[in-house]
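Trainee: Pasting entry36.cif here (mmCIF, C-alpha atoms and all ligand atoms):
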```cif
data_final
loop_
_atom_site.label_atom_id
_atom_site.label_comp_id
_atom_site.auth_asym_id
_atom_site.auth_seq_id
_atom_site.Cartn_x
_atom_site.Cartn_y
_atom_site.Cartn_z
CA MET A 231 38.85 35.08 -57.43
CA ILE A 232 40.32 38.03 -55.51
CA ASP A 233 44.01 37.85 -54.72
CA LEU A 234 44.07 39.19 -51.17
CA SER A 235 47.86 39.34 -51.21
CA GLN A 236 47.67 42.29 -53.65
CA TYR A 237 46.28 44.38 -50.81
CA ALA A 238 49.64 44.49 -49.06
CA ILE A 239 48.20 45.75 -45.78
CA LEU A 240 44.47 45.22 -45.36
CA ALA A 241 44.24 46.84 -41.93
CA ARG A 242 45.83 50.27 -41.49
CA GLY A 243 46.71 52.07 -38.32
CA TYR A 244 45.74 55.74 -38.20
CA ASP A 245 46.63 58.60 -35.91
CA THR A 246 43.96 61.21 -35.16
CA THR A 247 46.57 63.69 -33.91
CA THR A 248 48.99 63.68 -36.82
CA GLY A 249 46.44 62.65 -39.45
CA GLU A 250 48.72 59.85 -40.54
CA ILE A 251 47.51 56.58 -42.02
CA LYS A 252 50.40 54.20 -42.47
CA GLY A 253 51.46 54.10 -46.09
CA ALA A 254 49.04 56.83 -47.24
CA ALA A 255 49.83 59.80 -49.46
CA VAL A 256 49.41 63.07 -47.55
CA VAL A 257 48.13 66.36 -48.96
CA ARG A 258 48.78 69.42 -46.80
CA ARG A 259 46.82 72.65 -47.29
CA TRP A 260 48.32 75.82 -45.90
CA LEU A 261 46.49 79.12 -45.53
CA SER A 262 48.12 80.36 -48.76
CA ASP A 263 46.49 77.43 -50.63
CA LEU A 264 43.05 78.74 -49.64
CA ARG A 265 43.10 82.14 -51.36
CA GLY A 266 39.55 82.75 -52.65
CA SER A 267 37.91 80.31 -50.21
CA PHE A 268 37.13 82.74 -47.38
CA VAL A 269 34.52 85.47 -47.71
CA ASP A 270 36.61 88.23 -46.13
CA THR A 271 39.54 88.68 -48.51
CA GLN A 272 41.03 91.55 -46.48
CA ALA A 273 41.06 89.44 -43.31
CA PHE A 274 42.60 86.61 -45.34
CA GLU A 275 45.44 88.76 -46.73
CA SER A 276 46.20 90.32 -43.37
CA ALA A 277 46.26 86.90 -41.64
CA LEU A 278 48.60 85.61 -44.36
CA ARG A 279 50.98 88.56 -43.84
CA GLN A 280 51.30 87.40 -40.22
CA SER A 281 51.88 83.69 -40.96
CA ASP A 282 50.98 80.82 -43.25
CA PRO A 283 49.68 78.10 -40.90
CA LEU A 284 48.77 74.55 -41.83
CA ILE A 285 44.95 74.48 -42.12
CA TYR A 286 44.32 70.82 -42.95
CA THR A 287 45.82 67.54 -44.04
CA VAL A 288 44.26 64.64 -45.91
CA SER A 289 45.89 61.20 -45.98
CA SER A 290 44.36 59.13 -48.75
CA LEU A 291 44.43 55.48 -49.69
CA GLU A 292 43.49 54.11 -53.07
CA PRO A 293 43.61 50.31 -52.69
CA GLY A 294 42.19 49.61 -56.16
CA LYS A 295 40.85 51.36 -59.24
CA GLY A 296 38.14 48.90 -60.26
CA GLN A 297 34.45 49.80 -60.65
CA GLY A 298 33.52 48.46 -57.22
CA ASP A 299 36.57 49.73 -55.37
CA LEU A 300 36.53 52.31 -52.61
CA HIS A 301 38.99 55.06 -51.74
CA TYR A 302 39.19 56.70 -48.34
CA GLY A 303 40.96 59.50 -46.57
CA LEU A 304 41.61 60.77 -43.06
CA GLY A 305 41.08 64.52 -42.77
CA VAL A 306 42.44 66.71 -39.96
CA LEU A 307 41.14 70.30 -40.05
CA MET A 308 42.63 72.76 -37.56
CA PRO A 309 40.55 75.11 -35.42
CA GLY A 310 40.63 78.84 -36.21
CA LYS A 311 38.95 81.65 -38.13
CA ILE A 312 39.63 84.15 -40.88
CA GLY A 313 37.65 87.20 -39.84
CA ALA A 314 34.47 85.62 -38.45
CA GLU A 315 34.56 82.62 -40.79
CA TYR A 316 35.69 79.27 -39.42
CA TYR A 317 38.58 77.36 -40.97
CA LEU A 318 37.35 75.21 -43.83
CA THR A 319 38.44 72.87 -46.61
CA LYS A 320 38.44 73.96 -50.25
CA GLY A 321 35.40 71.81 -50.95
CA HIS A 322 34.50 70.05 -54.18
CA PHE A 323 31.98 68.21 -56.29
CA HIS A 324 32.89 64.70 -57.31
CA ALA A 325 33.90 64.71 -60.96
CA TRP A 326 31.58 61.73 -61.43
CA ARG A 327 28.57 63.60 -60.05
CA GLU A 328 26.64 60.46 -59.02
CA ALA A 329 29.35 59.52 -56.53
CA ALA A 330 28.25 59.80 -52.89
CA GLU A 331 30.50 59.72 -49.81
CA VAL A 332 30.28 58.72 -46.15
CA TYR A 333 32.03 60.88 -43.54
CA ILE A 334 32.71 59.41 -40.10
CA GLY A 335 33.55 61.94 -37.39
CA LEU A 336 36.36 60.83 -35.05
CA ARG A 337 37.31 63.90 -33.07
CA GLY A 338 36.32 67.55 -32.63
CA THR A 339 33.25 69.58 -33.56
CA GLY A 340 32.12 71.10 -36.82
CA GLY A 341 30.00 70.51 -39.85
CA ILE A 342 29.85 69.68 -43.52
CA LEU A 343 28.37 72.33 -45.75
CA LEU A 344 26.35 70.59 -48.46
CA GLU A 345 25.14 72.34 -51.59
CA GLU A 346 23.03 70.52 -54.11
CA GLN A 347 23.98 71.44 -57.65
CA SER A 348 20.72 72.05 -59.52
CA ALA A 349 18.14 72.77 -56.79
CA GLY A 350 20.53 75.19 -55.13
CA GLU A 351 19.71 73.91 -51.65
CA SER A 352 22.34 74.46 -48.92
CA GLN A 353 22.57 72.75 -45.57
CA ILE A 354 25.06 72.52 -42.73
CA VAL A 355 25.14 69.01 -41.27
CA PRO A 356 26.89 68.43 -37.92
CA LEU A 357 30.15 66.50 -38.18
CA ALA A 358 31.77 65.62 -34.86
CA ALA A 359 33.15 62.70 -32.88
CA GLY A 360 30.39 60.09 -32.93
CA THR A 361 28.49 61.29 -36.02
CA ILE A 362 28.21 59.84 -39.51
CA VAL A 363 27.24 62.06 -42.44
CA TYR A 364 26.02 60.85 -45.80
CA VAL A 365 26.96 63.14 -48.67
CA PRO A 366 24.67 62.35 -51.62
CA GLY A 367 25.82 62.58 -55.24
CA HIS A 368 25.53 65.87 -57.12
CA THR A 369 26.37 67.70 -53.88
CA ALA A 370 29.34 69.97 -53.20
CA HIS A 371 30.82 69.40 -49.75
CA ARG A 372 33.15 71.40 -47.51
CA SER A 373 34.27 70.54 -43.96
CA ILE A 374 34.22 73.34 -41.38
CA ASN A 375 35.74 73.30 -37.89
CA THR A 376 33.64 75.29 -35.39
CA GLY A 377 35.42 73.95 -32.31
CA HIS A 378 38.65 74.51 -30.42
CA GLU A 379 40.46 71.31 -31.33
CA PRO A 380 41.24 69.62 -34.65
CA LEU A 381 38.22 68.20 -36.50
CA VAL A 382 39.16 64.67 -37.54
CA TYR A 383 37.13 62.46 -39.86
CA ILE A 384 37.32 59.70 -42.41
CA GLY A 385 35.66 60.01 -45.81
CA VAL A 386 34.91 56.92 -47.93
CA TYR A 387 33.97 57.32 -51.59
CA PRO A 388 33.87 55.33 -54.84
CA ALA A 389 37.26 54.86 -56.52
CA SER A 390 35.86 56.46 -59.66
CA ALA A 391 34.52 59.60 -57.86
CA GLY A 392 37.29 61.99 -58.92
CA HIS A 393 37.48 65.54 -57.53
CA ASP A 394 36.19 68.67 -59.26
CA TYR A 395 37.64 71.70 -57.46
CA GLY A 396 37.21 74.02 -60.45
CA SER A 397 33.47 74.66 -60.04
CA ILE A 398 33.93 75.71 -56.41
CA ALA A 399 37.03 77.79 -57.22
CA LYS A 400 34.94 79.65 -59.82
CA GLN A 401 31.83 80.47 -57.79
CA ASN A 402 32.46 79.22 -54.24
CA PHE A 403 29.66 77.98 -51.95
CA ARG A 404 26.54 80.17 -51.73
CA LYS A 405 26.56 80.04 -47.93
CA VAL A 406 29.20 80.88 -45.34
CA LEU A 407 29.40 79.65 -41.75
CA ILE A 408 30.48 82.50 -39.50
CA GLU A 409 30.65 83.11 -35.78
CA ARG A 410 28.07 85.51 -34.34
CA ASP A 411 27.91 86.08 -30.55
CA GLY A 412 30.02 82.97 -30.04
CA HIS A 413 27.83 80.68 -32.18
CA PRO A 414 28.02 79.43 -35.76
CA VAL A 415 25.40 80.88 -38.12
CA LEU A 416 24.89 79.99 -41.78
CA LEU A 417 24.41 83.08 -43.95
CA ASP A 418 24.20 83.94 -47.64
CA ARG A 419 27.61 84.87 -49.02
CA THR A 420 26.14 87.92 -50.73
CA ASP A 421 24.64 89.20 -47.43
CA VAL A 422 27.93 88.75 -45.59
CA LEU A 423 29.85 90.44 -48.40
CA ALA A 424 27.54 93.44 -48.11
CA THR A 425 28.53 93.89 -44.45
CA ILE A 426 32.32 93.69 -44.93
C1 LIG B 1 37.12 63.09 -50.51
C2 LIG B 1 36.62 64.05 -49.50
C3 LIG B 1 37.46 64.40 -48.30
C4 LIG B 1 38.18 65.70 -48.66
C5 LIG B 1 38.84 66.40 -47.48
C6 LIG B 1 39.58 67.69 -47.90
O1 LIG B 1 36.23 62.96 -51.57
O2 LIG B 1 35.55 64.61 -49.64
O3 LIG B 1 38.36 63.42 -47.93
O4 LIG B 1 39.10 65.45 -49.67
O5 LIG B 1 37.85 66.79 -46.55
O6 LIG B 1 38.75 68.55 -48.60
P1 LIG B 1 39.10 69.00 -50.10
O7 LIG B 1 39.35 67.76 -50.89
O8 LIG B 1 37.86 69.72 -50.54
O9 LIG B 1 40.31 69.88 -50.04
MN MN B 2 34.42 64.16 -51.51
#
```
What does the file become when written as structure tokens?
Ligand code: F6R
Ligand code: MN
Mentor:
Amino acid sequence: MIDLSQYAILARGYDTTTGEIKGAAVVRRWLSDLRGSFVDTQAFESALRQSDPLIYTVSSLEPGKGQGDLHYGLGVLMPGKIGAEYYLTKGHFHAWREAAEVYIGLRGTGGILLEEQSAGESQIVPLAAGTIVYVPGHTAHRSINTGHEPLVYIGVYPASAGHDYGSIAKQNFRKVLIERDGHPVLLDRTDVLATI
């Protein structure tokens, strides 16, 4: 029998402006935390000399650690660009590679860059208010804000998923989403690097 009283607050209020979920632990990522994530390192360093803005916050809740438990987080990703590349999250694989995730878009406009590990397939899937994105297992995922207001979403994933940031830190995503003539285009990192 489940003891419901152990889940002190079953329903949580959340705030899509501040990114706050009542009682949740908050991780804040500033521009300086994202060294190595953007394709244009010169643009990154020069932006950082100007200021070190908050790029995104994630408020996470981990109600239980059992096999069938779920964890979830509210992400708020600010609008902006480094060079031509839109603001983004670090991105990760789940440490337990089988673990999938569901993203529910609450506010703003953007996408999730998905990269399958072994087949090497990349895809940008729209994430915006009113969309739901399924992130399969074995797939690296990175949120990207292509709009002019914060991109706000909830991600729900197995409690045992874990987060592997190391693989992305080592080789980054193969594709970059940059603005060309006012529109987002998905290009090979190597091709973009050759033009910088
Ligand atoms: C959790 C998840 C999201 C991200 C959030 C921030 O598994 O995918 O809640 O944690 O979008 O991105 P990262 O964790 O890559 O800094
Ligand atoms: Mn995830």
Trainee: Can you work out which one of A:Arg327, A:His322, A:Leu307, A:Ile232 has the shortest atom-to-atom distance to Ala358 (chain A), counting only C-alpha atoms?
Mentor: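 Checking each candidate against Ala358 (chain A), we get A:Leu307 as the closest.
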Trainee: Please write out the residues within 12 Å of ligand MN 2 (chain B) as a ChimeraX atom specification, counting all atoms listed in the file.
Mentor: /A:288,290,301-305,319-333,342-344,363-373,384-395
Trainee: Using CA of Met308 (chain A) and CA of His378 (chain A) as the two end points, give the distance in Å to one decimal.
Mentor: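 CA of His378 (chain A) lies at a distance of 8.4 Å from CA of Met308 (chain A).
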Trainee: I'd like the contact shell of Gly338 (chain A) - 7 Å cut-off, only C-alpha atoms, skipping same-chain residues fewer than 4 positions apart - returned as a ChimeraX atom specification.
Mentor: /A:358-359,377,379-382
Trainee: Selected residues, C-alpha atoms, written as a short mmCIF file (atom, residue, chain, number, x, y, z; two decimals), in the frame of the given file, please.
Mentor:
```
data_model
loop_
_atom_site.label_atom_id
_atom_site.label_comp_id
_atom_site.auth_asym_id
_atom_site.auth_seq_id
_atom_site.Cartn_x
_atom_site.Cartn_y
_atom_site.Cartn_z
CA ALA A 358 31.77 65.62 -34.86
CA ALA A 359 33.15 62.70 -32.88
CA GLY A 377 35.42 73.95 -32.31
CA GLU A 379 40.46 71.31 -31.33
CA PRO A 380 41.24 69.62 -34.65
CA LEU A 381 38.22 68.20 -36.50
CA VAL A 382 39.16 64.67 -37.54
#
```
Trainee: Name the closest residue to Pro293 (chain A) among the candidates A:Ala241, A:Ala314, A:Pro309, A:Thr248; distances are taken between atoms, counting only C-alpha atoms.
Mentor: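 With only C-alpha atoms as the atom set, the closest residue is A:Ala241.
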Trainee: For a quick check of understanding, using all atoms listed in the file, which of A:Val355, A:Leu284, A:Leu261, A:Ile398 has the smallest distance to Ile374 (chain A)?
Mentor: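 For Ile374 (chain A), the nearest of the given residues is A:Val355.
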Trainee: Figure out the distance between CA of Ile354 (chain A) and CA of Gly341 (chain A), please, to one decimal in Å.
Mentor: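 The value is 6.1 Å.
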Trainee: Place a sphere of radius 7 Å on (25.8, 81.1, -49.4) in the file coordinates and name every protein, DNA or RNA residue with an atom inside or on its surface, counting all atoms listed in the file; give the answer as a PyMOL selection string.
Mentor: chain A and resi 403-406+417-420
Trainee: Calculated over only C-alpha atoms, which of the candidates A:Gln347, A:Asn402, A:Ser235, A:Thr247 has the smallest distance to Tyr286 (chain A)?
Mentor: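 Among the listed residues, A:Thr247 lies closest to Tyr286 (chain A).
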Trainee: Given the choices A:Asp299, A:Asp282, A:Glu346, A:Asp263, which gets closest to ligand LIG 1 (chain B) if the distance is worked out from only C-alpha atoms and all ligand atoms?
Mentor: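 Looking at the shortest contact to ligand LIG 1 (chain B), the residue is A:Asp263.
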